[in-house]
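Here is the structure we will look at, set down as structure tokens.
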Amino acid sequence: MAKTPKPDELSKIDYAPPQSAWMDTPAELKEGNWCYGAKPKNLETLHFPNPREWRVQDEDWKLPENWQEIILKGMKDLLDKYRSFRVFMDICVRCGACADKCHFFIGSGDPKNMPVLRAELLRSVYRGNFTKAGKILGKLAGARELTYSVLKEWWYYFFQCTECRRCSVFCPYGIDTAEITMMGRELLNLLGLNTDWISGPAANCYMKGNHLGLEPHTIVGNLEYMLDDIETVTGIKITPTFNRKGAEILFVTPSGDLFADPGTYTCMGYLMLFHELGLDYTWSTYASEGGNFGFFTSNELAKRLNSKIYAEAKRLGVKWILGGECGHMWRVLNQYMDTWNGPADFLQVPKSPITGTVFENAKSTKMVHIAEFTADLIKNGKLKLDKSRNDNLKVTFHDSCNTSRGMGIFEEPRYIINNTCNHFYEMDELTTREKTFCCGSGSGLNAGENMEIRMRGGLPRANAVKDVVDKYGVNMVANICAIDRAVLTASLDYWVPGTGVTGVHELVANALIMKGEQPRTTNLRGMPLPGTEGQE
Amino acid sequence: MTLTNFLSEKKTVILNRWYDSILNTYPSETAKFLKGQKNPFLNPVGATTYQGIEKLYEYLVQDAEKDKVSLYLDSIIRIRAVQDFTPSQSIRFIMSLKAVIKNELKEEIETHRLHAELFAVELKIDDFSLLAFDIYMKCREKLYQLKVNELQGWTYRRLQKADEVYKKECVYEDIHNELIEFERKEVAK
């Protein structure tokens, strides 16, 4: 929140925003918009440079003396390594097509949240140091020096981008601004400038296999709580296996599903579905994280954290891997894992043991998204579903950025929802599918201390939700992403109070008629099922 | 002619001036976007703000939808409460309506001696401001509540675990009680 003026200052406030050009308007790092800086212990765990105690609000960020040299060398390395980065630095004609597509710009009104301008923060330094025109003409050619103030501006704004790639959909040149943010963050990490909300989970994941730092007994314990709840609701005792060698399928999901509501209900959905199918699968307490906060740090760390999934699949000798509902996890798995840590030629092309469907789309990665798996089950009539159990819900679907723009999963979750619920309503088409608005807190921005920026970023999505709430009485937003489940809960509570958030497999589990189940009177949340209210 | 007549006649002009004065609290590039993009899904800030002030104005002139005044104020202030504004900047847009009305209806007010009516309208605007203050505070408190909610969500399972470790039956109505009990046990230890 901005500083409160004193009474005598009140009448002297100039309400007009600065009229100076963006380059001459230094960023003011305001509380509520940034996350706490990375703690030394986490950077040390990850073997990242410059671990030290530092505070964002301090003038001195305790950087090495030659920090400019480090950044510029880092930039040169990235330009040499990634042709895409060099092209993105050179090719932008500043047409402005992306300018008003970013949820942060739309919600905040801060011009530096325009994707083009966020990229210019980096481009200006690129021009000044790596192009002849920039070196000679300087500011005239859109170039500037890398100063301490510029570095702070980078830090502020590259952690105000959720790497959602909505802007890229509209760029006539196909510039992927998310990749520019990724390069920006990678450079900042050369100086130990990460947020602790990212480096903490990444360090946990590196040491313990998941972002939350859950150790094997805690993972088992948390799942046992869920199994107890499932037994209460259905009367069925489920006994999943852990780290079982020789299982056909390894199941990997984001650890958020194991830990906090409403993700836990989605997790119960997986457990119930797999039990009903009699699936030969195992959980792993080592490859216990589908998400990858390394992806929000550097390419090398993302690769390092991801490697456990194939390694564990190999150790356990499974045939293929099934993955839970997550967003960025799937961008990583679908677009990077095979290149980083593949080829997984020790695995087989995924084939559903229930329907016989071969998932040709996962021929290379050997990993299938659970929405594809379940949609295939329903299509082949393998599940008995009672849609009326979800009749208390009027559901809309939020396309997660990464599963929609990163791998084109549009129809499967909708197909599942339509087969498990009687009341489904789409949000406006300008805000769904490839044009979906981000939840506002992806790419490691889902901390607590930056709640204001999260709310700004969440406004466009919540605004579209509000429309279906007003028109149709929607009361539940379904999605297939653990971060969505965690953060939409807060965002909708602020913008559209009274609207719930659910994973698609929670809807499946509520509708699923299981063999030998007791008559159900409540859903997984302990709420009375429609028509059973008041019954014991 | 009464002031209400003039306010109705010049509704569009006054509303647009008022809207412009609000847009001017944003950087110029943003103001252009907020004014230019008419689709409410692509420009929720602009659309919500315009719709909100229009409804407030209707109440001011015709006493229309009195019960919804706080709803429309809320829709605008909820946005400004999380943007880069100080508290006073967040709600000052209401006061700027006074200046807009005086400027646009200067002649009419003088000619028809409408000062008493103007005073009544200004009192209504002052009431908006006071209501806006309540709403602003509610929004800010909500922000802090959200932080607390998230923290409680993350600690719930840990507390459940802690209860098991201490091997005591611990059934409480809500998480607050669990937290207090947990702290007591820590102290006793």
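Please note that chains go A, B, ... in the order of the structure tokens, that every chain numbers its residues from 1, and that ligands are numbered from 1 in the order shown.
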
*Might you pull out every residue within 8 Å of Leu143 (chain B), with only C-alpha atoms counted and same-chain residues fewer than 4 positions away left off, and present them as a ChimeraX atom specification?*
/A:451-452,494 /B:139,147

For the contact check between chain B and chain A, emit one row per residue of chain B within 9 Å, containing the shortest atom pair and the distance in Å rounded to one decimal, counting only C-alpha atoms, chain then rising number order, as a tab-separated table.
```
residue	atom	partner	partner_atom	distance
B:Asn24	CA	A:Ala16	CA	6.7
B:Thr25	CA	A:Ala16	CA	5.7
B:Tyr26	CA	A:Pro17	CA	6.2
B:Pro27	CA	A:Pro17	CA	5.4
B:Ser28	CA	A:Gln19	CA	7.7
B:Glu29	CA	A:Pro111	CA	6.7
B:Thr30	CA	A:Gly109	CA	5.5
B:Ala31	CA	A:Gly109	CA	8.2
B:Phe33	CA	A:Asp100	CA	7.4
B:Leu34	CA	A:Gly109	CA	8.5
B:Pro40	CA	A:Asn463	CA	8.5
B:Phe41	CA	A:Ala464	CA	6.3
B:Leu42	CA	A:Pro460	CA	7.2
B:Asn43	CA	A:Ile106	CA	6.4
B:Pro44	CA	A:Pro460	CA	6.4
B:Val45	CA	A:Gly107	CA	6.8
B:Ser75	CA	A:Trp495	CA	8.8
B:Arg78	CA	A:Trp495	CA	7.8
B:Ile79	CA	A:Arg456	CA	7.7
B:Arg80	CA	A:Ser108	CA	8.9
B:Ala81	CA	A:Glu452	CA	8.6
B:Val82	CA	A:Glu452	CA	5.2
B:Gln83	CA	A:Ser108	CA	5.6
B:Asp84	CA	A:Ala2	CA	7.0
B:Phe85	CA	A:Ala2	CA	6.6
B:Thr86	CA	A:Ala2	CA	5.3
B:Pro87	CA	A:Thr4	CA	7.4
B:Ser88	CA	A:Leu10	CA	8.2
B:Gln89	CA	A:Tyr15	CA	7.1
B:Cys139	CA	A:Tyr494	CA	7.8
B:Lys142	CA	A:Tyr494	CA	6.9
B:Leu143	CA	A:Met451	CA	6.9
B:Tyr144	CA	A:Met451	CA	8.4
B:Leu146	CA	A:Ala490	CA	6.0
B:Lys147	CA	A:Gly448	CA	5.5
B:Val148	CA	A:Gly448	CA	8.6
B:Asn149	CA	A:Ala490	CA	8.3
B:Glu150	CA	A:Gly448	CA	7.5
B:Leu151	CA	A:Gly448	CA	8.2
B:Gly153	CA	A:Ala260	CA	5.9
B:Trp154	CA	A:Ala260	CA	6.0
B:Thr155	CA	A:Ala260	CA	8.6
B:Tyr156	CA	A:Ala260	CA	7.8
B:Arg157	CA	A:Phe259	CA	6.9
B:Lys161	CA	A:Gly221	CA	8.5
```

Can you write out the residues you just picked, keeping C-alpha atoms, as a PDB file, in the first residue's frame?
```
ATOM      1  CA  ASN B  24      -6.700  11.402 -15.664  1.00  0.00           C
ATOM      2  CA  THR B  25      -5.668   9.723 -12.435  1.00  0.00           C
ATOM      3  CA  TYR B  26      -4.041   7.035 -14.604  1.00  0.00           C
ATOM      4  CA  PRO B  27      -0.959   7.431 -16.803  1.00  0.00           C
ATOM      5  CA  SER B  28      -1.840   8.849 -20.225  1.00  0.00           C
ATOM      6  CA  GLU B  29      -1.245   5.578 -22.141  1.00  0.00           C
ATOM      7  CA  THR B  30      -3.551   3.787 -19.735  1.00  0.00           C
ATOM      8  CA  ALA B  31      -6.194   6.501 -19.918  1.00  0.00           C
ATOM      9  CA  PHE B  33      -6.820   2.390 -23.364  1.00  0.00           C
ATOM     10  CA  LEU B  34      -9.451   2.753 -20.662  1.00  0.00           C
ATOM     11  CA  PRO B  40     -16.224  -4.914 -20.763  1.00  0.00           C
ATOM     12  CA  PHE B  41     -14.339  -8.237 -20.775  1.00  0.00           C
ATOM     13  CA  LEU B  42     -11.228  -6.672 -22.248  1.00  0.00           C
ATOM     14  CA  ASN B  43     -11.478  -3.490 -20.206  1.00  0.00           C
ATOM     15  CA  PRO B  44     -13.112  -4.277 -16.889  1.00  0.00           C
ATOM     16  CA  VAL B  45     -11.656  -1.207 -15.171  1.00  0.00           C
ATOM     17  CA  SER B  75     -17.517  -1.912  -7.859  1.00  0.00           C
ATOM     18  CA  ARG B  78     -12.796  -2.383  -5.058  1.00  0.00           C
ATOM     19  CA  ILE B  79     -10.631  -1.830  -8.128  1.00  0.00           C
ATOM     20  CA  ARG B  80      -8.961   1.361  -6.968  1.00  0.00           C
ATOM     21  CA  ALA B  81      -8.222  -0.125  -3.534  1.00  0.00           C
ATOM     22  CA  VAL B  82      -5.720  -2.541  -5.089  1.00  0.00           C
ATOM     23  CA  GLN B  83      -4.255  -0.176  -7.668  1.00  0.00           C
ATOM     24  CA  ASP B  84      -1.351   2.215  -7.202  1.00  0.00           C
ATOM     25  CA  PHE B  85      -3.357   4.824  -5.304  1.00  0.00           C
ATOM     26  CA  THR B  86      -3.183   6.247  -1.819  1.00  0.00           C
ATOM     27  CA  PRO B  87      -6.447   5.938   0.139  1.00  0.00           C
ATOM     28  CA  SER B  88      -7.375   9.546  -0.655  1.00  0.00           C
ATOM     29  CA  GLN B  89      -6.591   9.060  -4.331  1.00  0.00           C
ATOM     30  CA  CYS B 139     -11.734  -3.840   0.693  1.00  0.00           C
ATOM     31  CA  LYS B 142     -10.566  -8.146   2.948  1.00  0.00           C
ATOM     32  CA  LEU B 143      -7.077  -8.148   1.447  1.00  0.00           C
ATOM     33  CA  TYR B 144      -5.544  -8.809   4.833  1.00  0.00           C
ATOM     34  CA  LEU B 146      -7.244 -13.224   2.367  1.00  0.00           C
ATOM     35  CA  LYS B 147      -3.647 -13.430   3.557  1.00  0.00           C
ATOM     36  CA  VAL B 148      -4.805 -14.875   6.866  1.00  0.00           C
ATOM     37  CA  ASN B 149      -7.105 -17.353   5.119  1.00  0.00           C
ATOM     38  CA  GLU B 150      -4.265 -18.632   2.960  1.00  0.00           C
ATOM     39  CA  LEU B 151      -1.996 -18.992   5.945  1.00  0.00           C
ATOM     40  CA  GLY B 153      -5.233 -23.149   4.783  1.00  0.00           C
ATOM     41  CA  TRP B 154      -1.547 -24.028   4.677  1.00  0.00           C
ATOM     42  CA  THR B 155      -1.311 -24.765   8.393  1.00  0.00           C
ATOM     43  CA  TYR B 156      -4.518 -26.761   8.760  1.00  0.00           C
ATOM     44  CA  ARG B 157      -3.001 -30.140   7.914  1.00  0.00           C
ATOM     45  CA  LYS B 161      -0.835 -33.695  12.457  1.00  0.00           C
TER      46      LYS B 161
END
```

_Going by DSSP on the backbone, which residues of region 194-384 of chain A come out as helix (DSSP H, G or I)? List them as an NGL selection string._
:A and (196-208 or 216-234 or 255-258 or 263-277 or 293-296 or 299-316 or 328-341 or 360-362 or 370-379)

*Please give the complete set of residues from region 444-496 of chain A that DSSP, run on the backbone, assigns to strand (DSSP E or B), formatted as an MDAnalysis selection string.*
chainID A and resid 476:479

Would you save the residues of that selection, restricted to N, CA and C atoms, as a PDB file, in the first residue's frame?
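Below is the file selection07.pdb, written as the result:
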```pdb
ATOM      1  N   MET A 476     -19.599 -22.158  -8.996  1.00  0.00           N
ATOM      2  CA  MET A 476     -18.375 -22.961  -8.905  1.00  0.00           C
ATOM      3  C   MET A 476     -17.525 -22.787 -10.180  1.00  0.00           C
ATOM      4  N   VAL A 477     -16.248 -22.508  -9.973  1.00  0.00           N
ATOM      5  CA  VAL A 477     -15.329 -22.370 -11.107  1.00  0.00           C
ATOM      6  C   VAL A 477     -14.427 -23.604 -11.135  1.00  0.00           C
ATOM      7  N   ALA A 478     -14.594 -24.426 -12.170  1.00  0.00           N
ATOM      8  CA  ALA A 478     -13.762 -25.622 -12.309  1.00  0.00           C
ATOM      9  C   ALA A 478     -12.510 -25.292 -13.100  1.00  0.00           C
ATOM     10  N   ASN A 479     -11.461 -26.042 -12.847  1.00  0.00           N
ATOM     11  CA  ASN A 479     -10.203 -25.817 -13.563  1.00  0.00           C
ATOM     12  C   ASN A 479      -9.352 -27.071 -13.453  1.00  0.00           C
TER      13      ASN A 479
END
```

*asked:* Which residues are near Lys10 (chain B)? Cut-off 12 Å, only C-alpha atoms, ignore same chain within fewer than 2 positions. Put them as a ChimeraX atom specification.
replied: /B:3-8,12-17,57,61,100-101,103-105,108

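Here CA of Ile249 (chain A) is placed at a distance of 27.2 Å from CA of Ala203 (chain A).
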
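Pairwise distance (CA of Arg485 (chain A), CA of Ile180 (chain A)) equals 26.6 Å.
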
*Can you pull out every residue within 8 Å of region 342-352 of chain A, counting only C-alpha atoms, but drop anything in the same chain fewer than 5 positions away, and send it as an MDAnalysis selection string?*
chainID A and resid 310 313:314 318:321 337 357:360 362:368 373

Okay, now the selection with C-alpha atoms, as a PDB file, in the first residue's frame?
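Produced file selection_30.pdb, reproduced below:
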```pdb
ATOM      1  CA  TYR A 310      11.877 -40.030 -15.554  1.00  0.00           C
ATOM      2  CA  ALA A 313       9.765 -44.054 -13.644  1.00  0.00           C
ATOM      3  CA  LYS A 314      12.924 -45.933 -14.593  1.00  0.00           C
ATOM      4  CA  VAL A 318       6.623 -48.574 -14.864  1.00  0.00           C
ATOM      5  CA  LYS A 319       5.336 -48.576 -18.445  1.00  0.00           C
ATOM      6  CA  TRP A 320       4.147 -44.987 -18.620  1.00  0.00           C
ATOM      7  CA  ILE A 321       3.316 -41.930 -16.521  1.00  0.00           C
ATOM      8  CA  MET A 337      10.832 -32.626 -20.414  1.00  0.00           C
ATOM      9  CA  THR A 357      -6.765 -46.288 -26.320  1.00  0.00           C
ATOM     10  CA  VAL A 358      -3.206 -45.488 -27.324  1.00  0.00           C
ATOM     11  CA  PHE A 359      -2.266 -41.889 -26.532  1.00  0.00           C
ATOM     12  CA  GLU A 360      -0.365 -41.111 -29.703  1.00  0.00           C
ATOM     13  CA  ALA A 362       2.174 -38.661 -25.745  1.00  0.00           C
ATOM     14  CA  LYS A 363       4.225 -41.007 -27.898  1.00  0.00           C
ATOM     15  CA  SER A 364       7.380 -39.090 -27.169  1.00  0.00           C
ATOM     16  CA  THR A 365       6.988 -37.851 -23.589  1.00  0.00           C
ATOM     17  CA  LYS A 366       5.189 -41.047 -22.377  1.00  0.00           C
ATOM     18  CA  MET A 367       3.128 -38.921 -20.036  1.00  0.00           C
ATOM     19  CA  VAL A 368      -0.637 -38.456 -20.252  1.00  0.00           C
ATOM     20  CA  PHE A 373      -7.331 -40.214 -19.622  1.00  0.00           C
TER      21      PHE A 373
END
```

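Restricting the calculation to only C-alpha atoms, the smallest distance between Pro201 (chain A) and any of A:Asn334, A:Thr282, A:Asn189, A:Ser255 is found for A:Ser255.
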
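The residue set within 10 Å of Ala311 (chain A), counting only C-alpha atoms and dropping same-chain residues fewer than 3 places from it, reads Tyr286, Ala287, Asn306, Ser307, Lys308, Lys314, Arg315, Leu316, Gly317, Asn341 and Ala344 of chain A.
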
Write a file of the selected residues as a PDB file, in the first residue's frame, keeping N, CA and C atoms.
```pdb
ATOM      1  N   TYR A 286       9.019 -39.788  -3.923  1.00  0.00           N
ATOM      2  CA  TYR A 286      10.255 -39.102  -4.369  1.00  0.00           C
ATOM      3  C   TYR A 286       9.952 -38.188  -5.553  1.00  0.00           C
ATOM      4  N   ALA A 287       9.342 -38.758  -6.589  1.00  0.00           N
ATOM      5  CA  ALA A 287       8.852 -37.910  -7.688  1.00  0.00           C
ATOM      6  C   ALA A 287       7.474 -37.429  -7.252  1.00  0.00           C
ATOM      7  N   ASN A 306      13.111 -31.392 -12.827  1.00  0.00           N
ATOM      8  CA  ASN A 306      12.253 -32.276 -13.617  1.00  0.00           C
ATOM      9  C   ASN A 306      12.820 -33.689 -13.733  1.00  0.00           C
ATOM     10  N   SER A 307      14.127 -33.809 -13.639  1.00  0.00           N
ATOM     11  CA  SER A 307      14.783 -35.085 -13.959  1.00  0.00           C
ATOM     12  C   SER A 307      14.280 -36.239 -13.084  1.00  0.00           C
ATOM     13  N   LYS A 308      13.758 -35.916 -11.894  1.00  0.00           N
ATOM     14  CA  LYS A 308      13.343 -36.985 -10.988  1.00  0.00           C
ATOM     15  C   LYS A 308      12.182 -37.804 -11.542  1.00  0.00           C
ATOM     16  N   LYS A 314      11.945 -44.898 -14.224  1.00  0.00           N
ATOM     17  CA  LYS A 314      12.924 -45.933 -14.593  1.00  0.00           C
ATOM     18  C   LYS A 314      13.177 -46.860 -13.401  1.00  0.00           C
ATOM     19  N   ARG A 315      13.361 -46.244 -12.212  1.00  0.00           N
ATOM     20  CA  ARG A 315      13.655 -47.027 -11.010  1.00  0.00           C
ATOM     21  C   ARG A 315      12.523 -47.996 -10.695  1.00  0.00           C
ATOM     22  N   LEU A 316      11.300 -47.509 -10.848  1.00  0.00           N
ATOM     23  CA  LEU A 316      10.150 -48.349 -10.502  1.00  0.00           C
ATOM     24  C   LEU A 316       9.782 -49.320 -11.623  1.00  0.00           C
ATOM     25  N   GLY A 317      10.301 -49.050 -12.806  1.00  0.00           N
ATOM     26  CA  GLY A 317      10.036 -49.955 -13.930  1.00  0.00           C
ATOM     27  C   GLY A 317       8.607 -49.894 -14.440  1.00  0.00           C
ATOM     28  N   ASN A 341      15.367 -34.192 -20.466  1.00  0.00           N
ATOM     29  CA  ASN A 341      15.734 -35.429 -19.768  1.00  0.00           C
ATOM     30  C   ASN A 341      15.361 -36.697 -20.536  1.00  0.00           C
ATOM     31  N   ALA A 344      12.721 -40.918 -23.192  1.00  0.00           N
ATOM     32  CA  ALA A 344      12.332 -41.914 -22.199  1.00  0.00           C
ATOM     33  C   ALA A 344      12.036 -43.223 -22.939  1.00  0.00           C
TER      34      ALA A 344
END
```

*Give me the residues within 12 Å of Gln51 (chain B) as a ChimeraX atom specification, counting only C-alpha atoms and dropping any in the same chain fewer than 2 places off.*
/B:15-16,19,38,40,44-49,53-58,69,71-76

Can you write just those residues out, N, CA and C atoms, as a CSV table (one decimal), in the first residue's frame?
```csv
chain,number,residue,atom,x,y,z
B,15,LEU,N,-21.3,13.4,-17.2
B,15,LEU,CA,-20.7,12.1,-17.0
B,15,LEU,C,-19.4,11.9,-17.7
B,16,ASN,N,-19.3,12.4,-19.0
B,16,ASN,CA,-18.1,12.2,-19.7
B,16,ASN,C,-16.9,13.1,-19.1
B,19,TYR,N,-15.9,11.2,-16.0
B,19,TYR,CA,-15.2,10.0,-16.4
B,19,TYR,C,-13.7,10.4,-16.8
B,38,LYS,N,-14.0,-0.6,-25.6
B,38,LYS,CA,-15.4,-0.6,-25.1
B,38,LYS,C,-15.9,-1.9,-24.6
B,40,PRO,N,-16.4,-4.8,-22.2
B,40,PRO,CA,-16.2,-4.9,-20.8
B,40,PRO,C,-15.3,-6.1,-20.3
B,44,PRO,N,-12.2,-4.3,-18.0
B,44,PRO,CA,-13.1,-4.3,-16.9
B,44,PRO,C,-13.0,-3.0,-16.0
B,45,VAL,N,-11.8,-2.4,-16.0
B,45,VAL,CA,-11.7,-1.2,-15.2
B,45,VAL,C,-12.5,-0.1,-15.8
B,46,GLY,N,-12.3,0.2,-17.1
B,46,GLY,CA,-13.0,1.3,-17.7
B,46,GLY,C,-14.5,1.0,-17.7
B,47,ALA,N,-14.9,-0.2,-18.1
B,47,ALA,CA,-16.4,-0.5,-18.1
B,47,ALA,C,-17.1,-0.4,-16.8
B,48,THR,N,-16.4,-1.0,-15.8
B,48,THR,CA,-17.0,-1.0,-14.4
B,48,THR,C,-17.1,0.5,-13.9
B,49,THR,N,-16.0,1.2,-14.1
B,49,THR,CA,-16.0,2.6,-13.6
B,49,THR,C,-17.1,3.4,-14.3
B,53,ILE,N,-20.3,5.1,-12.3
B,53,ILE,CA,-20.5,6.5,-12.1
B,53,ILE,C,-21.9,6.9,-12.7
B,54,GLU,N,-22.2,6.2,-13.8
B,54,GLU,CA,-23.5,6.5,-14.4
B,54,GLU,C,-24.7,6.2,-13.4
B,55,LYS,N,-24.6,5.1,-12.8
B,55,LYS,CA,-25.6,4.7,-11.8
B,55,LYS,C,-25.6,5.7,-10.6
B,56,LEU,N,-24.5,6.1,-10.2
B,56,LEU,CA,-24.4,7.0,-9.1
B,56,LEU,C,-25.0,8.3,-9.5
B,57,TYR,N,-24.8,8.7,-10.7
B,57,TYR,CA,-25.3,10.0,-11.2
B,57,TYR,C,-26.8,9.9,-11.3
B,58,GLU,N,-27.3,8.8,-11.7
B,58,GLU,CA,-28.8,8.6,-11.8
B,58,GLU,C,-29.4,8.7,-10.4
B,69,VAL,N,-26.7,2.0,-4.3
B,69,VAL,CA,-25.6,3.0,-4.3
B,69,VAL,C,-24.3,2.4,-3.9
B,71,LEU,N,-23.4,-0.6,-3.8
B,71,LEU,CA,-23.0,-1.6,-4.7
B,71,LEU,C,-22.2,-1.0,-5.9
B,72,TYR,N,-22.7,0.1,-6.4
B,72,TYR,CA,-21.9,0.7,-7.5
B,72,TYR,C,-20.7,1.4,-7.1
B,73,LEU,N,-20.7,2.0,-5.9
B,73,LEU,CA,-19.5,2.6,-5.3
B,73,LEU,C,-18.5,1.5,-5.1
B,74,ASP,N,-19.0,0.3,-4.6
B,74,ASP,CA,-18.1,-0.8,-4.3
B,74,ASP,C,-17.4,-1.3,-5.5
B,75,SER,N,-18.1,-1.4,-6.6
B,75,SER,CA,-17.5,-1.9,-7.9
B,75,SER,C,-16.3,-1.1,-8.3
B,76,ILE,N,-16.4,0.2,-8.1
B,76,ILE,CA,-15.3,1.1,-8.5
B,76,ILE,C,-14.2,1.1,-7.5
```

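Closest approach to Leu23 (chain B) from the set B:Phe128, B:Phe93, B:Lys11, B:Leu123 is made by B:Phe93, with distances taken over only C-alpha atoms.
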
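Take the candidates A:Asn66, A:Asn392, A:Thr403, A:Gln518 and check each one against Ala371 (chain A) using only C-alpha atoms; the shortest distance goes to A:Thr403.
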
*Near Leu193 (chain A), counting only C-alpha atoms, which residues have an atom at most 8 Å away, once you skip same-chain residues fewer than 4 positions from it, shown as a list in words?*
Gly37, Ala38, Trp155, Leu188 and Asn189 of chain A

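In this model, the gap between CA of Asp280 (chain A) and CA of Lys382 (chain A) comes to 16.1 Å.
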
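Comparing B:Lys98, B:Ile22, B:Ile77, B:Gly36 by their smallest distance to Lys124 (chain B), the closest is B:Lys98 (using only C-alpha atoms).
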